[in-house]
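Just target_6.pdb here, PDB, C-alpha atoms and all ligand atoms:
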ATOM      1  CA  MET E 222     111.779 189.207 121.363
ATOM      2  CA  LYS E 223     111.040 191.644 124.204
ATOM      3  CA  THR E 224     112.211 195.252 124.078
ATOM      4  CA  ALA E 225     114.106 197.135 126.773
ATOM      5  CA  VAL E 226     115.048 200.810 126.964
ATOM      6  CA  VAL E 227     118.146 202.075 128.763
ATOM      7  CA  THR E 228     118.636 205.819 129.180
ATOM      8  CA  GLY E 229     122.212 207.080 129.388
ATOM      9  CA  ALA E 230     123.354 203.950 127.578
ATOM     10  CA  SER E 231     126.346 205.511 125.827
ATOM     11  CA  ARG E 232     128.847 204.810 128.617
ATOM     12  CA  GLY E 233     129.428 203.851 132.249
ATOM     13  CA  ILE E 234     126.672 201.963 134.058
ATOM     14  CA  GLY E 235     124.284 202.347 131.095
ATOM     15  CA  LYS E 236     126.682 200.493 128.790
ATOM     16  CA  ALA E 237     126.916 197.566 131.226
ATOM     17  CA  LEU E 238     123.114 197.569 131.528
ATOM     18  CA  ALA E 239     122.718 197.427 127.738
ATOM     19  CA  GLU E 240     125.161 194.518 127.476
ATOM     20  CA  MET E 241     123.377 192.641 130.269
ATOM     21  CA  LEU E 242     119.952 193.171 128.637
ATOM     22  CA  CYS E 243     121.215 191.910 125.258
ATOM     23  CA  LYS E 244     122.636 188.778 126.936
ATOM     24  CA  ASN E 245     119.173 188.267 128.471
ATOM     25  CA  GLY E 246     117.591 188.232 125.007
ATOM     26  CA  PHE E 247     116.156 191.758 124.801
ATOM     27  CA  ALA E 248     116.178 194.060 121.790
ATOM     28  CA  VAL E 249     117.728 197.140 123.409
ATOM     29  CA  ALA E 250     117.064 200.817 122.695
ATOM     30  CA  LEU E 251     120.152 202.812 123.672
ATOM     31  CA  ILE E 252     119.166 206.366 124.595
ATOM     32  CA  TYR E 253     121.974 208.936 124.715
ATOM     33  CA  LYS E 254     122.151 212.716 124.742
ATOM     34  CA  SER E 255     125.580 213.844 123.476
ATOM     35  CA  SER E 256     127.854 210.815 123.102
ATOM     36  CA  GLY E 257     126.567 209.663 119.709
ATOM     37  CA  GLU E 258     129.884 208.122 118.685
ATOM     38  CA  LYS E 259     130.134 206.066 121.860
ATOM     39  CA  ALA E 260     126.520 204.906 121.531
ATOM     40  CA  ASP E 261     127.159 203.922 117.885
ATOM     41  CA  ALA E 262     130.323 202.039 118.856
ATOM     42  CA  LEU E 263     128.380 200.116 121.515
ATOM     43  CA  LYS E 264     125.619 199.333 119.010
ATOM     44  CA  THR E 265     128.203 198.022 116.507
ATOM     45  CA  GLU E 266     129.810 195.852 119.195
ATOM     46  CA  LEU E 267     126.406 194.436 120.199
ATOM     47  CA  LEU E 268     125.310 193.758 116.605
ATOM     48  CA  LYS E 269     128.621 191.968 115.948
ATOM     49  CA  SER E 270     127.780 189.594 118.795
ATOM     50  CA  GLY E 271     124.417 188.852 117.157
ATOM     51  CA  PHE E 272     122.327 191.020 119.487
ATOM     52  CA  VAL E 273     119.606 193.529 118.558
ATOM     53  CA  ALA E 274     120.253 197.158 119.531
ATOM     54  CA  GLU E 275     119.481 200.615 118.158
ATOM     55  CA  CYS E 276     120.598 204.115 119.198
ATOM     56  CA  TYR E 277     118.164 206.952 119.930
ATOM     57  CA  LYS E 278     119.084 210.546 120.778
ATOM     58  CA  ALA E 279     117.011 212.347 123.421
ATOM     59  CA  ASP E 280     117.484 214.662 126.358
ATOM     60  CA  VAL E 281     115.460 212.867 129.043
ATOM     61  CA  SER E 282     114.618 216.170 130.757
ATOM     62  CA  LYS E 283     112.613 217.236 127.669
ATOM     63  CA  SER E 284     109.258 215.495 127.410
ATOM     64  CA  ASP E 285     108.744 216.294 123.704
ATOM     65  CA  GLU E 286     112.049 214.581 122.820
ATOM     66  CA  VAL E 287     111.260 211.625 125.087
ATOM     67  CA  ASN E 288     107.738 211.158 123.680
ATOM     68  CA  ALA E 289     109.034 211.274 120.094
ATOM     69  CA  VAL E 290     111.786 208.774 120.786
ATOM     70  CA  PHE E 291     109.469 206.294 122.569
ATOM     71  CA  GLU E 292     107.101 206.451 119.581
ATOM     72  CA  LYS E 293     110.039 205.642 117.298
ATOM     73  CA  ILE E 294     111.236 202.798 119.543
ATOM     74  CA  GLN E 295     107.716 201.310 119.591
ATOM     75  CA  LYS E 296     107.594 201.352 115.759
ATOM     76  CA  GLU E 297     111.141 200.050 115.218
ATOM     77  CA  LEU E 298     111.734 197.618 118.101
ATOM     78  CA  GLY E 299     108.237 196.947 119.443
ATOM     79  CA  THR E 300     106.428 197.577 122.716
ATOM     80  CA  VAL E 301     108.712 198.391 125.622
ATOM     81  CA  SER E 302     108.491 195.828 128.425
ATOM     82  CA  VAL E 303     111.524 196.915 130.484
ATOM     83  CA  LEU E 304     112.570 200.519 131.146
ATOM     84  CA  ILE E 305     115.793 201.351 132.962
ATOM     85  CA  ASN E 306     116.074 205.009 133.922
ATOM     86  CA  ASN E 307     119.825 205.370 134.270
ATOM     87  CA  ALA E 308     120.691 208.755 132.676
ATOM     88  CA  GLY E 309     122.114 211.118 135.241
ATOM     89  CA  ILE E 310     124.462 213.972 135.981
ATOM     90  CA  SER E 311     126.253 214.989 139.162
ATOM     91  CA  SER E 312     128.219 217.977 140.409
ATOM     92  CA  GLN E 313     129.663 219.282 143.644
ATOM     93  CA  SER E 314     128.853 222.716 144.996
ATOM     94  CA  VAL E 315     128.532 224.475 148.323
ATOM     95  CA  PHE E 316     124.767 224.816 148.881
ATOM     96  CA  THR E 317     124.679 228.627 148.763
ATOM     97  CA  ASP E 318     126.551 228.593 145.420
ATOM     98  CA  ILE E 319     123.906 226.449 143.709
ATOM     99  CA  THR E 320     122.303 228.667 141.069
ATOM    100  CA  ASP E 321     118.747 228.365 139.762
ATOM    101  CA  GLU E 322     120.188 226.930 136.535
ATOM    102  CA  MET E 323     122.281 224.293 138.334
ATOM    103  CA  TRP E 324     119.258 223.283 140.430
ATOM    104  CA  SER E 325     116.940 223.054 137.392
ATOM    105  CA  GLU E 326     119.433 221.033 135.358
ATOM    106  CA  MET E 327     120.147 218.596 138.209
ATOM    107  CA  LEU E 328     116.457 218.021 138.954
ATOM    108  CA  GLY E 329     115.601 218.103 135.240
ATOM    109  CA  VAL E 330     117.898 215.254 134.197
ATOM    110  CA  ASN E 331     117.926 213.111 137.347
ATOM    111  CA  LEU E 332     114.284 213.380 138.454
ATOM    112  CA  THR E 333     112.153 214.869 135.648
ATOM    113  CA  GLY E 334     113.978 212.492 133.275
ATOM    114  CA  VAL E 335     112.644 209.522 135.234
ATOM    115  CA  PHE E 336     109.141 211.030 135.162
ATOM    116  CA  THR E 337     109.143 211.707 131.398
ATOM    117  CA  CYS E 338     110.386 208.219 130.496
ATOM    118  CA  CYS E 339     108.020 206.406 132.885
ATOM    119  CA  ARG E 340     105.090 208.420 131.525
ATOM    120  CA  ALA E 341     106.049 207.579 127.938
ATOM    121  CA  ALA E 342     106.536 203.855 128.620
ATOM    122  CA  LEU E 343     103.571 203.174 130.911
ATOM    123  CA  PRO E 344     100.518 203.318 128.581
ATOM    124  CA  ASP E 345     101.702 200.222 126.656
ATOM    125  CA  MET E 346     102.755 198.453 129.862
ATOM    126  CA  ILE E 347      99.323 199.122 131.386
ATOM    127  CA  LYS E 348      97.614 197.910 128.207
ATOM    128  CA  ASN E 349      99.694 194.701 128.284
ATOM    129  CA  HIS E 350      99.277 194.291 132.047
ATOM    130  CA  SER E 351     103.019 193.695 132.291
ATOM    131  CA  GLY E 352     106.237 195.664 132.604
ATOM    132  CA  VAL E 353     109.274 196.353 134.741
ATOM    133  CA  ILE E 354     110.795 199.721 135.560
ATOM    134  CA  ILE E 355     114.138 200.163 137.309
ATOM    135  CA  ASN E 356     115.276 203.602 138.409
ATOM    136  CA  ILE E 357     118.954 204.160 139.154
ATOM    137  CA  ALA E 358     119.082 206.229 142.336
ATOM    138  CA  SER E 359     122.163 206.802 144.531
ATOM    139  CA  MET E 360     123.196 206.178 148.124
ATOM    140  CA  TRP E 361     123.255 209.983 148.452
ATOM    141  CA  GLY E 362     119.522 209.966 147.790
ATOM    142  CA  GLU E 363     119.199 207.646 150.799
ATOM    143  CA  VAL E 364     121.407 209.491 153.292
ATOM    144  CA  GLY E 365     122.315 212.873 151.737
ATOM    145  CA  SER E 366     125.736 214.155 150.705
ATOM    146  CA  SER E 367     127.393 217.380 151.806
ATOM    147  CA  CYS E 368     128.119 219.695 148.835
ATOM    148  CA  GLU E 369     125.755 217.640 146.672
ATOM    149  CA  VAL E 370     122.399 218.811 148.029
ATOM    150  CA  HIS E 371     120.877 219.234 144.548
ATOM    151  CA  TYR E 372     122.049 215.737 143.495
ATOM    152  CA  SER E 373     120.909 214.192 146.808
ATOM    153  CA  ALA E 374     117.494 215.882 146.553
ATOM    154  CA  ALA E 375     117.008 214.656 142.980
ATOM    155  CA  LYS E 376     117.956 211.073 143.884
ATOM    156  CA  ALA E 377     115.760 211.135 147.023
ATOM    157  CA  GLY E 378     112.992 212.215 144.643
ATOM    158  CA  VAL E 379     113.735 209.208 142.434
ATOM    159  CA  ILE E 380     113.311 206.929 145.461
ATOM    160  CA  GLY E 381     109.988 208.604 146.371
ATOM    161  CA  LEU E 382     108.771 208.373 142.774
ATOM    162  CA  THR E 383     109.721 204.676 142.684
ATOM    163  CA  LYS E 384     107.759 203.820 145.841
ATOM    164  CA  ALA E 385     104.659 205.851 144.893
ATOM    165  CA  LEU E 386     104.558 204.585 141.297
ATOM    166  CA  ALA E 387     104.979 200.977 142.478
ATOM    167  CA  LYS E 388     101.849 201.399 144.617
ATOM    168  CA  GLU E 389      99.905 202.899 141.715
ATOM    169  CA  VAL E 390     100.764 200.477 138.919
ATOM    170  CA  GLY E 391     101.139 197.192 140.824
ATOM    171  CA  VAL E 392      97.481 196.489 140.080
ATOM    172  CA  SER E 393      98.382 196.703 136.377
ATOM    173  CA  GLY E 394     101.009 193.962 136.717
ATOM    174  CA  ILE E 395     103.914 196.413 136.597
ATOM    175  CA  ARG E 396     106.842 196.339 139.023
ATOM    176  CA  VAL E 397     108.879 199.465 139.836
ATOM    177  CA  ASN E 398     112.110 199.266 141.832
ATOM    178  CA  ALA E 399     115.220 201.365 142.384
ATOM    179  CA  VAL E 400     118.849 200.314 142.441
ATOM    180  CA  SER E 401     120.948 202.620 144.571
ATOM    181  CA  PRO E 402     124.659 202.522 143.706
ATOM    182  CA  GLY E 403     127.530 203.577 145.936
ATOM    183  CA  VAL E 404     130.834 204.669 144.442
ATOM    184  CA  ILE E 405     131.062 203.153 140.965
ATOM    185  CA  LYS E 406     134.124 203.632 138.761
ATOM    186  CA  THR E 407     132.809 205.574 135.730
ATOM    187  CA  ASP E 408     133.320 208.970 134.058
ATOM    188  CA  MET E 409     131.100 210.396 136.819
ATOM    189  CA  LEU E 410     134.118 210.137 139.137
ATOM    190  CA  SER E 411     136.490 211.853 136.691
ATOM    191  CA  SER E 412     136.783 214.976 138.872
ATOM    192  CA  PHE E 413     138.051 212.850 141.800
ATOM    193  CA  SER E 414     141.820 212.552 142.355
ATOM    194  CA  GLU E 415     143.541 209.185 142.972
ATOM    195  CA  ASN E 416     143.756 210.215 146.645
ATOM    196  CA  ASP E 417     139.988 210.901 146.803
ATOM    197  CA  LEU E 418     139.316 207.506 145.233
ATOM    198  CA  GLU E 419     141.664 205.813 147.708
ATOM    199  CA  GLU E 420     139.794 207.461 150.596
ATOM    200  CA  LEU E 421     136.462 206.315 149.192
ATOM    201  CA  ARG E 422     137.871 202.790 148.816
ATOM    202  CA  ASN E 423     138.994 202.840 152.458
ATOM    203  CA  GLU E 424     135.566 204.043 153.606
ATOM    204  CA  THR E 425     133.899 201.098 151.851
ATOM    205  CA  PRO E 426     133.661 197.997 154.082
ATOM    206  CA  LEU E 427     134.282 195.727 151.083
ATOM    207  CA  MET E 428     137.438 197.813 150.375
ATOM    208  CA  ARG E 429     136.906 198.395 146.681
ATOM    209  CA  LEU E 430     135.050 200.682 144.317
ATOM    210  CA  GLY E 431     132.036 199.277 142.513
ATOM    211  CA  THR E 432     131.954 198.443 138.819
ATOM    212  CA  PRO E 433     129.172 199.080 136.289
ATOM    213  CA  GLU E 434     128.742 195.290 136.187
ATOM    214  CA  ASP E 435     128.001 195.224 139.949
ATOM    215  CA  VAL E 436     125.032 197.507 139.255
ATOM    216  CA  ALA E 437     123.971 195.581 136.138
ATOM    217  CA  ASN E 438     123.962 192.313 138.145
ATOM    218  CA  ALA E 439     121.489 193.791 140.667
ATOM    219  CA  VAL E 440     119.290 195.081 137.852
ATOM    220  CA  GLU E 441     119.450 191.675 136.145
ATOM    221  CA  PHE E 442     117.960 190.104 139.277
ATOM    222  CA  LEU E 443     115.247 192.748 139.669
ATOM    223  CA  ILE E 444     114.017 192.447 136.080
ATOM    224  CA  SER E 445     113.942 188.646 136.274
ATOM    225  CA  GLU E 446     111.059 186.359 137.230
ATOM    226  CA  LYS E 447     113.014 185.598 140.423
ATOM    227  CA  ALA E 448     112.004 189.107 141.587
ATOM    228  CA  SER E 449     108.360 188.764 140.572
ATOM    229  CA  PHE E 450     107.085 189.556 144.112
ATOM    230  CA  ILE E 451     109.426 192.529 144.623
ATOM    231  CA  THR E 452     108.200 196.051 143.941
ATOM    232  CA  GLY E 453     108.696 199.520 145.429
ATOM    233  CA  GLN E 454     112.081 198.540 146.877
ATOM    234  CA  VAL E 455     115.503 200.158 146.881
ATOM    235  CA  LEU E 456     118.352 197.682 146.357
ATOM    236  CA  SER E 457     121.634 199.241 147.495
ATOM    237  CA  VAL E 458     124.808 198.268 145.650
ATOM    238  CA  ASN E 459     127.462 200.091 147.647
ATOM    239  CA  GLY E 460     129.935 197.635 149.185
ATOM    240  CA  GLY E 461     128.551 198.492 152.621
ATOM    241  CA  PHE E 462     129.307 202.239 152.376
ATOM    242  CA  VAL E 463     125.780 203.015 153.560
ATOM    243  CA  ILE E 464     124.112 200.438 155.799
TER     244      ILE E 464
HETATM  245  P1  LIG I   1     128.300 208.606 133.381
HETATM  246  O1  LIG I   1     129.383 207.631 133.068
HETATM  247  O2  LIG I   1     128.626 210.031 133.591
HETATM  248  O3  LIG I   1     127.161 208.457 132.271
HETATM  249  C1  LIG I   1     126.028 209.247 132.332
HETATM  250  C2  LIG I   1     125.084 208.845 131.229
HETATM  251  O4  LIG I   1     123.890 209.647 131.324
HETATM  252  C3  LIG I   1     125.672 209.062 129.848
HETATM  253  O5  LIG I   1     125.312 207.987 129.015
HETATM  254  C4  LIG I   1     124.971 210.339 129.384
HETATM  255  O6  LIG I   1     124.765 210.392 127.974
HETATM  256  C5  LIG I   1     123.632 210.210 130.057
HETATM  257  N1  LIG I   1     122.952 211.498 130.191
HETATM  258  C6  LIG I   1     123.336 212.579 130.908
HETATM  259  N2  LIG I   1     122.447 213.576 130.773
HETATM  260  C7  LIG I   1     121.472 213.118 129.942
HETATM  261  C8  LIG I   1     120.278 213.662 129.434
HETATM  262  N3  LIG I   1     119.889 214.911 129.729
HETATM  263  N4  LIG I   1     119.521 212.907 128.602
HETATM  264  C9  LIG I   1     119.891 211.640 128.282
HETATM  265  N5  LIG I   1     121.021 211.065 128.746
HETATM  266  C10 LIG I   1     121.801 211.792 129.561
HETATM  267  O7  LIG I   1     127.533 208.170 134.714
HETATM  268  P2  LIG I   1     127.331 206.759 135.425
HETATM  269  O8  LIG I   1     128.276 206.695 136.561
HETATM  270  O9  LIG I   1     127.292 205.660 134.438
HETATM  271  O10 LIG I   1     125.886 207.020 136.056
HETATM  272  C11 LIG I   1     124.712 206.342 135.631
HETATM  273  C12 LIG I   1     123.656 206.543 136.701
HETATM  274  O11 LIG I   1     124.121 206.001 137.943
HETATM  275  C13 LIG I   1     123.332 208.011 136.998
HETATM  276  O12 LIG I   1     121.947 208.156 137.220
HETATM  277  C14 LIG I   1     124.098 208.292 138.275
HETATM  278  O13 LIG I   1     123.548 209.341 139.023
HETATM  279  C15 LIG I   1     123.979 206.957 138.967
HETATM  280  N6  LIG I   1     125.011 206.751 139.988
HETATM  281  C16 LIG I   1     126.328 206.708 139.660
HETATM  282  C17 LIG I   1     127.265 206.535 140.666
HETATM  283  C18 LIG I   1     128.746 206.471 140.386
HETATM  284  O14 LIG I   1     129.533 206.463 141.354
HETATM  285  N7  LIG I   1     129.184 206.400 139.145
HETATM  286  C19 LIG I   1     126.850 206.414 141.997
HETATM  287  C20 LIG I   1     125.499 206.478 142.290
HETATM  288  C21 LIG I   1     124.579 206.637 141.273
HETATM  289  P3  LIG I   1     125.695 211.300 126.987
HETATM  290  O15 LIG I   1     127.100 210.916 127.259
HETATM  291  O16 LIG I   1     125.223 210.911 125.646
HETATM  292  O17 LIG I   1     125.396 212.728 127.347
END
Target format structure tokens, applied to this file:
Amino acid sequence: MKTAVVTGASRGIGKALAEMLCKNGFAVALIYKSSGEKADALKTELLKSGFVAECYKADVSKSDEVNAVFEKIQKELGTVSVLINNAGISSQSVFTDITDEMWSEMLGVNLTGVFTCCRAALPDMIKNHSGVIINIASMWGEVGSSCEVHYSAAKAGVIGLTKALAKEVGVSGIRVNAVSPGVIKTDMLSSFSENDLEELRNETPLMRLGTPEDVANAVEFLISEKASFITGQVLSVNGGFVI
């Protein structure tokens, strides 16, 4: 049985990714930071369905925590062959109100977190001459969002990291791609009012908000053999919001 890691697996898109990976026959390591109860509940649900899953606590922005957790995953579930960097945070702020702390946290989780997890997973992938990495970016990393400059910059960084790493590790049989969601109905939108959500729906050519499963379906394709000649790409899942 192959092993996959999903960061930010406790809820939202990460939960759908974990369910999809289990259905595809992976033993899944569910990395969470604070929502231990939710991660445990997901694990219980997955085990009940006969799948293999285990929870691991780590702040992806901290390389010592990430390195320790990957060592544990390797011992308990085996070598990681698929890594999905999904953990993320977002916030809105006028640019001049962004403090040093807000900037560091945003870049730390959304961009450094991708770096720390890729660096921890890659030595085994290189040794095995095989592996797939998917980084969850955002349409705002592609086109920029007003009042989310720190988030947009971090996600643009994720796209740059994806392309550069794909060039570097392709020779080692490893594919690296990004999936770039649009507006997806999760806790991340909890600060939006019903009116805001309606406006976003109306701005989306397909006239609906995305679901975590929409994102998981795109990831399912990219990790599959059907995508074996695809690397360094950004697959947008946004209902046409950004074209
Ligand atoms: P969410 O429901 O808010 O979930 C965020 C997840 O990230 C949680 O599982 C959380 O774990 C985890 N996380 C946050 N900080 C972490 C850290 N320092 N270390 C480890 N895990 C951490 O968000 P979502 O909507 O599912 O978003 C998932 C990804 O999609 C993010 O990268 C986000 O930027 C991206 N995205 C989302 C949308 C959208 O509209 N929802 C659009 C574009 C891109 P805990 O609960 O345990 O802290």
Compute the set of protein, DNA and RNA residues whose minimum atom distance to ligand LIG 1 (chain I) is at most 8 Å, using all atoms listed in the file, and state it as a PyMOL selection string.
chain E and resi 228-236+252-257+259-260+278-283+306-311+329-331+334+357-361+372+376+401-410+431+433
Compile the contact shell of segment 449-455 of chain E as a PyMOL selection string: residues with an atom at most 12 Å away, counting all atoms listed in the file, same-chain residues fewer than 5 positions apart removed.
chain E and resi 351-360+362-363+376-377+379-392+394-402+439-440+442-444
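Note that atom CA of Leu263 of chain E and atom CA of Asn245 of chain E are 16.5 Å apart.
Remark: for Glu286 of chain E, the closest of the candidate residues E:Ser314, E:Asn423, E:Asn459, E:Thr337 is E:Thr337 (distances computed over only C-alpha atoms).
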What is the atom CA of Gly299 of chain E to atom CA of Ala448 of chain E distance in Å?
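Taking atom CA of Gly299 of chain E and atom CA of Ala448 of chain E, their separation equals 23.8 Å.
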Gap from atom CA of Leu304 of chain E to atom CA of Ala225 of chain E - Å, one decimal
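So the answer is 5.7 Å.
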Residue neighbourhood segment 266-270 of chain E, 12 Å, all atoms listed in the file, exclusion window fewer than 6 positions, as a ChimeraX atom specification:
/E:236-237,239-244,246-251,259-260,276
Hey, which of E:Val227, E:Val370, E:Ala375, E:Leu421 ends up closest to Ala342 of chain E? Count only C-alpha atoms.
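Ranked by minimum distance to Ala342 of chain E, first place goes to E:Val227.
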Grab all the atoms of segment 376-380 of chain E that the file lists, wrap them in a box along x, y and z, add 8 Å per side, and give me centre plus edge lengths in Å (one decimal) as JSON.
{"center_x": 115.5, "center_y": 209.6, "center_z": 144.7, "size_x": 21.0, "size_y": 21.3, "size_z": 20.6}
Evaluate the PyMOL selection byres (((chain E and resi 317) around 12) and not hetatm) here and jot the selected residues down as a short mmCIF file (atom, residue, chain, number, x, y, z; two decimals) with C-alpha atoms, in the frame of the given file.
data_model
loop_
_atom_site.label_atom_id
_atom_site.label_comp_id
_atom_site.auth_asym_id
_atom_site.auth_seq_id
_atom_site.Cartn_x
_atom_site.Cartn_y
_atom_site.Cartn_z
CA GLN E 313 129.66 219.28 143.64
CA SER E 314 128.85 222.72 145.00
CA VAL E 315 128.53 224.48 148.32
CA PHE E 316 124.77 224.82 148.88
CA ASP E 318 126.55 228.59 145.42
CA ILE E 319 123.91 226.45 143.71
CA THR E 320 122.30 228.67 141.07
CA ASP E 321 118.75 228.36 139.76
CA MET E 323 122.28 224.29 138.33
CA TRP E 324 119.26 223.28 140.43
CA SER E 367 127.39 217.38 151.81
CA CYS E 368 128.12 219.70 148.84
CA GLU E 369 125.76 217.64 146.67
CA VAL E 370 122.40 218.81 148.03
CA HIS E 371 120.88 219.23 144.55
#
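Using all atoms listed in the file, the shortest contact distance between Ser284 of chain E and any of E:Val303, E:Gly460, E:Cys338, E:Ser414 is found at E:Cys338.
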Nearest to Gly378 of chain E among E:Ser411, E:Ser457, E:Thr224, E:Thr333, with distances taken over all atoms listed in the file: which residue is it?
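Nearest to Gly378 of chain E: E:Thr333.
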Point out the residue among E:Leu238, E:Leu298, E:Ile464, E:Val226 with the least atom-to-atom distance to Ala437 of chain E, counting only C-alpha atoms.
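That would be E:Leu238, the residue with the smallest distance to Ala437 of chain E.
Using only C-alpha atoms, the smallest distance between any of E:Glu434, E:Asp345, E:Glu322, E:Asp261 and Gln295 of chain E comes from E:Asp345.
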